[in-house]
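S.K.: Once you've had a glance at the structure underneath, I'll fire off some questions.
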Amino acid sequence: MKAILLHDFGGVENLEASDIPVPAIREGEVLIQVKAISINPVDLKIRQGVKMVGREKDRLPLLLGWDLSGTIAEVGKSVKNFKIGDEVFAMINYPGLGNTYAEFVVADPSQLALKPASIGFDAAAAATLSALTAWQALTIYGEVRKGDKVLIHAASGGVGHFAVQMAKSLGAYVIGTSSADNRDFVLSLGADEHIDYRKTKVEDMVSNLDFILDPLGGANTVNALAMARKGGSVVSIVFGFTEELFQIAAEREINAFNPQVRPSGGNMKQIADLLKNGAVRSHIGRSFSFDEMASAHLLLESGRSVGKIILNF
């Protein structure tokens with residue numbers, strides 16, 4: 001089968017097209033014929049040697065990737081909830097290796113959801129790791145409710161554009177930050193307000209917030225503690241909270257989290273419902289063929305992409 005392997009850490013030249021055997025499944029697993037995948041910043045960090053190198057270096061070459069949509073090609077004998085031909089989507093096996101840079105992928109069915117018939121494989125592949133990150137931040141950690149005042153940083157990005165829509169679906173008043181170039185896009189997602197972070201200090205514009213999503217870290221995490229209300233929540237998906245900042249948050253009675261997204265078929269089914277009823281849509285900034293993996297990595301690395309980057313088989 002077609003696959004792209006990472007042979008060493010560093011630049012995109014280390015991503016090499018390969019022909020490898022189709023993996024075998026165990027009785028509790030399914031085999032998915034992949035139609036589309038999405039890439040994320042974590043893909044870049046591993047490829048560059050910034051993340052996971054300590055535990056993965058001896059396993060080179062690596063199959064990267066966690067996001068996929070596709071059709072079930074084979075079902076283990078103990079699998080009850082899926083059948084051959086089902087169209088599914090998911091983020092699989094994170095933070096272990098998901099091995100989705102391949103034509104066929106083995107998956108745990110508990111991590112899958114049926115793809116809504118109303119959306120394509122591209123849109124489904126986009127609504128996986130980023131969408132799960134946003135949904136878990138908002139509902140598990142933030143417990144966002146109707147009427148809450150919510151701030152989403154980097155609202156035009158992969159996680160951010162899902163978070164804006166999901167927060168609106170939960171009934172929140174949503175403020176999104178981005179550059180002026182993406183103002184109209186952020187407002188089109190349903191944001192009630194937009195702040196251009198390049199021209200304005202966000203912390204001077206808003207306060208007494210119920211929830212803040214921090215996908216940036218650094219000063220943004222520090223400033224979030226000045227903007228959140230007592231009893232509010234700040235979720236830093238880039239592990240922006242240090243021990244010192246956790247202490248400050250506790251003193252101010254702010255709920256602070258450095259969560260890591262986890263696979264969840266249950267959460268994926270909730271996301272599927274949001275996609276099906278139109279409350280959430282995937283914005284695909286750029287699609288590539290699977291053979292153009294290096295170009296996709298370079299675009300994501302540039303920081304100039306909006307929404308999600310997709311690769312198709």
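Here, A, B, ... name the chains of the structure tokens in the order displayed, residue numbers run from 1 inside each chain, and ligands are numbered from 1 in the same displayed order.
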Could you name the residues that touch range 58-66 of chain A at 6 Å or less, counting only C-alpha atoms, but leaving out those on the same chain fewer than 5 positions away, as a ChimeraX atom specification?

M.R.: /A:5-7,91-92,98-101

S.K.: Pull the helix (DSSP H, G or I) assignments for range 93-174 of chain A out of DSSP run on the backbone, and list those residues as a PDB file with N, CA and C atoms, in the first residue's frame.

M.R.:
ATOM      1  N   PRO A 109     -12.291   0.491  17.133  1.00  0.00           N
ATOM      2  CA  PRO A 109     -13.628   1.000  16.801  1.00  0.00           C
ATOM      3  C   PRO A 109     -14.224   1.917  17.867  1.00  0.00           C
ATOM      4  N   SER A 110     -13.736   1.832  19.105  1.00  0.00           N
ATOM      5  CA  SER A 110     -14.262   2.709  20.157  1.00  0.00           C
ATOM      6  C   SER A 110     -13.876   4.163  19.936  1.00  0.00           C
ATOM      7  N   GLN A 111     -12.950   4.404  19.012  1.00  0.00           N
ATOM      8  CA  GLN A 111     -12.498   5.763  18.732  1.00  0.00           C
ATOM      9  C   GLN A 111     -13.152   6.359  17.492  1.00  0.00           C
ATOM     10  N   PHE A 121     -15.695  13.338   2.565  1.00  0.00           N
ATOM     11  CA  PHE A 121     -14.567  12.806   3.326  1.00  0.00           C
ATOM     12  C   PHE A 121     -13.595  13.908   3.729  1.00  0.00           C
ATOM     13  N   ASP A 122     -13.440  14.927   2.895  1.00  0.00           N
ATOM     14  CA  ASP A 122     -12.553  16.042   3.245  1.00  0.00           C
ATOM     15  C   ASP A 122     -13.013  16.732   4.524  1.00  0.00           C
ATOM     16  N   ALA A 123     -14.280  17.127   4.541  1.00  0.00           N
ATOM     17  CA  ALA A 123     -14.820  17.840   5.699  1.00  0.00           C
ATOM     18  C   ALA A 123     -14.767  16.977   6.953  1.00  0.00           C
ATOM     19  N   ALA A 124     -14.975  15.675   6.789  1.00  0.00           N
ATOM     20  CA  ALA A 124     -14.922  14.776   7.947  1.00  0.00           C
ATOM     21  C   ALA A 124     -13.500  14.661   8.483  1.00  0.00           C
ATOM     22  N   ALA A 125     -12.523  14.483   7.584  1.00  0.00           N
ATOM     23  CA  ALA A 125     -11.128  14.380   8.027  1.00  0.00           C
ATOM     24  C   ALA A 125     -10.684  15.637   8.749  1.00  0.00           C
ATOM     25  N   ALA A 126     -11.213  16.793   8.337  1.00  0.00           N
ATOM     26  CA  ALA A 126     -10.850  18.052   8.987  1.00  0.00           C
ATOM     27  C   ALA A 126     -11.375  18.124  10.413  1.00  0.00           C
ATOM     28  N   LEU A 129      -8.866  15.763  15.034  1.00  0.00           N
ATOM     29  CA  LEU A 129      -8.060  16.204  16.179  1.00  0.00           C
ATOM     30  C   LEU A 129      -8.398  17.633  16.597  1.00  0.00           C
ATOM     31  N   SER A 130      -8.472  18.544  15.646  1.00  0.00           N
ATOM     32  CA  SER A 130      -8.762  19.940  15.974  1.00  0.00           C
ATOM     33  C   SER A 130     -10.154  20.089  16.575  1.00  0.00           C
ATOM     34  N   ALA A 131     -11.124  19.422  15.975  1.00  0.00           N
ATOM     35  CA  ALA A 131     -12.494  19.519  16.478  1.00  0.00           C
ATOM     36  C   ALA A 131     -12.625  18.870  17.851  1.00  0.00           C
ATOM     37  N   LEU A 132     -11.985  17.716  18.028  1.00  0.00           N
ATOM     38  CA  LEU A 132     -12.005  17.069  19.345  1.00  0.00           C
ATOM     39  C   LEU A 132     -11.352  17.953  20.405  1.00  0.00           C
ATOM     40  N   THR A 133     -10.246  18.581  20.059  1.00  0.00           N
ATOM     41  CA  THR A 133      -9.564  19.459  20.996  1.00  0.00           C
ATOM     42  C   THR A 133     -10.490  20.577  21.441  1.00  0.00           C
ATOM     43  N   ALA A 134     -11.152  21.211  20.482  1.00  0.00           N
ATOM     44  CA  ALA A 134     -12.065  22.300  20.798  1.00  0.00           C
ATOM     45  C   ALA A 134     -13.239  21.812  21.640  1.00  0.00           C
ATOM     46  N   TRP A 135     -13.842  20.692  21.249  1.00  0.00           N
ATOM     47  CA  TRP A 135     -15.031  20.182  21.939  1.00  0.00           C
ATOM     48  C   TRP A 135     -14.709  19.770  23.374  1.00  0.00           C
ATOM     49  N   GLN A 136     -13.601  19.066  23.565  1.00  0.00           N
ATOM     50  CA  GLN A 136     -13.235  18.643  24.913  1.00  0.00           C
ATOM     51  C   GLN A 136     -12.868  19.841  25.785  1.00  0.00           C
ATOM     52  N   ALA A 137     -12.186  20.845  25.205  1.00  0.00           N
ATOM     53  CA  ALA A 137     -11.849  22.045  25.970  1.00  0.00           C
ATOM     54  C   ALA A 137     -13.112  22.760  26.442  1.00  0.00           C
ATOM     55  N   LEU A 138     -14.085  22.887  25.563  1.00  0.00           N
ATOM     56  CA  LEU A 138     -15.304  23.634  25.869  1.00  0.00           C
ATOM     57  C   LEU A 138     -16.237  22.886  26.818  1.00  0.00           C
ATOM     58  N   THR A 139     -16.372  21.580  26.625  1.00  0.00           N
ATOM     59  CA  THR A 139     -17.412  20.842  27.348  1.00  0.00           C
ATOM     60  C   THR A 139     -16.906  20.073  28.563  1.00  0.00           C
ATOM     61  N   ILE A 140     -15.708  19.526  28.483  1.00  0.00           N
ATOM     62  CA  ILE A 140     -15.183  18.741  29.608  1.00  0.00           C
ATOM     63  C   ILE A 140     -14.481  19.638  30.620  1.00  0.00           C
ATOM     64  N   TYR A 141     -13.634  20.544  30.127  1.00  0.00           N
ATOM     65  CA  TYR A 141     -12.853  21.398  31.017  1.00  0.00           C
ATOM     66  C   TYR A 141     -13.550  22.734  31.277  1.00  0.00           C
ATOM     67  N   GLY A 158      -7.045  26.109  12.997  1.00  0.00           N
ATOM     68  CA  GLY A 158      -7.651  24.791  12.963  1.00  0.00           C
ATOM     69  C   GLY A 158      -8.553  24.524  14.148  1.00  0.00           C
ATOM     70  N   VAL A 159      -8.037  24.689  15.359  1.00  0.00           N
ATOM     71  CA  VAL A 159      -8.842  24.490  16.567  1.00  0.00           C
ATOM     72  C   VAL A 159      -9.805  25.650  16.750  1.00  0.00           C
ATOM     73  N   GLY A 160      -9.299  26.864  16.552  1.00  0.00           N
ATOM     74  CA  GLY A 160     -10.093  28.048  16.836  1.00  0.00           C
ATOM     75  C   GLY A 160     -11.372  28.136  16.043  1.00  0.00           C
ATOM     76  N   HIS A 161     -11.329  27.800  14.745  1.00  0.00           N
ATOM     77  CA  HIS A 161     -12.548  27.970  13.944  1.00  0.00           C
ATOM     78  C   HIS A 161     -13.620  26.960  14.337  1.00  0.00           C
ATOM     79  N   PHE A 162     -13.213  25.793  14.841  1.00  0.00           N
ATOM     80  CA  PHE A 162     -14.201  24.873  15.395  1.00  0.00           C
ATOM     81  C   PHE A 162     -14.712  25.380  16.742  1.00  0.00           C
ATOM     82  N   ALA A 163     -13.824  25.912  17.571  1.00  0.00           N
ATOM     83  CA  ALA A 163     -14.216  26.357  18.907  1.00  0.00           C
ATOM     84  C   ALA A 163     -15.242  27.481  18.848  1.00  0.00           C
ATOM     85  N   VAL A 164     -15.073  28.410  17.917  1.00  0.00           N
ATOM     86  CA  VAL A 164     -16.052  29.498  17.777  1.00  0.00           C
ATOM     87  C   VAL A 164     -17.435  28.925  17.494  1.00  0.00           C
ATOM     88  N   GLN A 165     -17.511  28.035  16.528  1.00  0.00           N
ATOM     89  CA  GLN A 165     -18.808  27.471  16.145  1.00  0.00           C
ATOM     90  C   GLN A 165     -19.412  26.625  17.270  1.00  0.00           C
ATOM     91  N   MET A 166     -18.573  25.846  17.933  1.00  0.00           N
ATOM     92  CA  MET A 166     -19.079  24.988  19.001  1.00  0.00           C
ATOM     93  C   MET A 166     -19.562  25.800  20.185  1.00  0.00           C
ATOM     94  N   ALA A 167     -18.820  26.857  20.536  1.00  0.00           N
ATOM     95  CA  ALA A 167     -19.244  27.715  21.640  1.00  0.00           C
ATOM     96  C   ALA A 167     -20.589  28.367  21.325  1.00  0.00           C
ATOM     97  N   LYS A 168     -20.774  28.790  20.066  1.00  0.00           N
ATOM     98  CA  LYS A 168     -22.070  29.354  19.674  1.00  0.00           C
ATOM     99  C   LYS A 168     -23.174  28.306  19.775  1.00  0.00           C
ATOM    100  N   SER A 169     -22.866  27.067  19.398  1.00  0.00           N
ATOM    101  CA  SER A 169     -23.874  26.005  19.474  1.00  0.00           C
ATOM    102  C   SER A 169     -24.286  25.730  20.910  1.00  0.00           C
TER     103      SER A 169
END

S.K.: How far is it from CA of Gln33 in chain A to CA of Lys115 in chain A, in Å with one decimal?

M.R.: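 Answer for the CA of Gln33 in chain A to CA of Lys115 in chain A separation: 13.7 Å.
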
S.K.: Leaving out range 292-299 of chain A and any residue of its chain fewer than 6 positions from it, which residues lie within 12 Å of it when counting only C-alpha atoms, given as JSON, numbers by chain?

M.R.: {"A": [3, 4, 5, 6, 10, 11, 12, 13, 14, 15, 16, 17, 37, 38, 39, 40, 41, 42, 43, 44, 45, 46, 47, 48, 64, 65, 101, 102, 285, 286, 305, 306, 307, 308, 309, 310, 311, 312, 313]}

S.K.: I want to know what sits within 8 Å of range 174-176 of chain A, based on only C-alpha atoms, with residues of the same chain fewer than 5 positions away left out; could you give that as a PyMOL selection string?

M.R.: chain A and resi 149-155+164+167-168+186+190-195

S.K.: Tell me, as a list in words, which residues lie within 12 Å of Ile119 in chain A, counting only C-alpha atoms; anything in the same chain fewer than 3 positions away does not count.

M.R.: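 Surrounding residues, per the criterion: Ser69, Glu87, Val88, Phe89, Leu114, Lys115, Pro116, Asp122, Ala123, Ala124, Ala125, Ala126, Ala127, Ala272, Asp273, Leu274, Leu275, Lys276, Asn277, Gly278, Val280, Arg281 and Ser282 of chain A.
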
S.K.: Rounded to one decimal in Å, what is the spacing between CA of Asp196 in chain A and CA of Glu253 in chain A?

M.R.: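 If I compute the distance from CA of Asp196 in chain A to CA of Glu253 in chain A, I get 28.6 Å.
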
S.K.: Which is closest to Lys199 in chain A among A:Lys35, A:Ser179, A:Gly218, A:Phe211, if we use only C-alpha atoms?

M.R.: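 Nearest candidate to Lys199 in chain A out of A:Lys35, A:Ser179, A:Gly218, A:Phe211: A:Ser179.
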
S.K.: For each of A:Ala226, A:Gly147, A:Ser233, A:Thr221, take the minimum atom-to-atom distance to Asp204 in chain A, counting only C-alpha atoms, then give the residue where this is smallest.

M.R.: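 For Asp204 in chain A, the nearest of the candidates is A:Ala226.
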
S.K.: Can you pull out every residue within 10 Å of Asn220 in chain A, counting only C-alpha atoms, but drop anything in the same chain fewer than 5 positions away, and send it as a VMD selection string?

M.R.: chain A and resid 153 202 to 203 213 to 215 225 236 240

S.K.: Which one of A:Ala90, A:Phe241, A:Met1, A:Leu300 sits closest to Ser18 in chain A if you count only C-alpha atoms?

M.R.: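 When distances to Ser18 in chain A are compared using only C-alpha atoms, the smallest one comes from A:Met1.
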
S.K.: Find the distance between CA of Asn223 in chain A and CA of Val50 in chain A and write it in Å to one decimal.

M.R.: 26.0 Å

S.K.: Can you list every residue in range 68-127 of chain A that DSSP puts in strand (DSSP E), as a PDB file with C-alpha atoms, in the first residue's frame?

M.R.:
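Produced file part-v4.pdb, reproduced below:
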ATOM      1  CA  LEU A  68      -8.638  10.282   8.931  1.00  0.00           C
ATOM      2  CA  SER A  69     -11.862   9.618   7.151  1.00  0.00           C
ATOM      3  CA  GLY A  70     -12.512   6.555   5.060  1.00  0.00           C
ATOM      4  CA  THR A  71     -14.376   3.323   4.527  1.00  0.00           C
ATOM      5  CA  ILE A  72     -14.132   0.203   6.663  1.00  0.00           C
ATOM      6  CA  ALA A  73     -12.508  -2.523   4.579  1.00  0.00           C
ATOM      7  CA  GLU A  74     -12.228  -5.309   7.172  1.00  0.00           C
ATOM      8  CA  VAL A  75     -13.769  -5.979  10.576  1.00  0.00           C
ATOM      9  CA  GLU A  87     -17.926   5.473   6.222  1.00  0.00           C
ATOM     10  CA  VAL A  88     -16.143   6.661   9.361  1.00  0.00           C
ATOM     11  CA  PHE A  89     -13.941   9.449  10.700  1.00  0.00           C
ATOM     12  CA  ALA A  90     -11.801   9.883  13.791  1.00  0.00           C
ATOM     13  CA  MET A  91      -8.623  10.935  15.508  1.00  0.00           C
ATOM     14  CA  PHE A 104      -4.930   1.522   4.958  1.00  0.00           C
ATOM     15  CA  VAL A 105      -5.014   2.087   8.722  1.00  0.00           C
ATOM     16  CA  VAL A 106      -5.850  -0.161  11.673  1.00  0.00           C
ATOM     17  CA  ALA A 107      -8.147   1.444  14.253  1.00  0.00           C
ATOM     18  CA  ALA A 113     -17.839   7.629  14.514  1.00  0.00           C
ATOM     19  CA  LEU A 114     -19.933   7.229  11.404  1.00  0.00           C
TER      20      LEU A 114
END
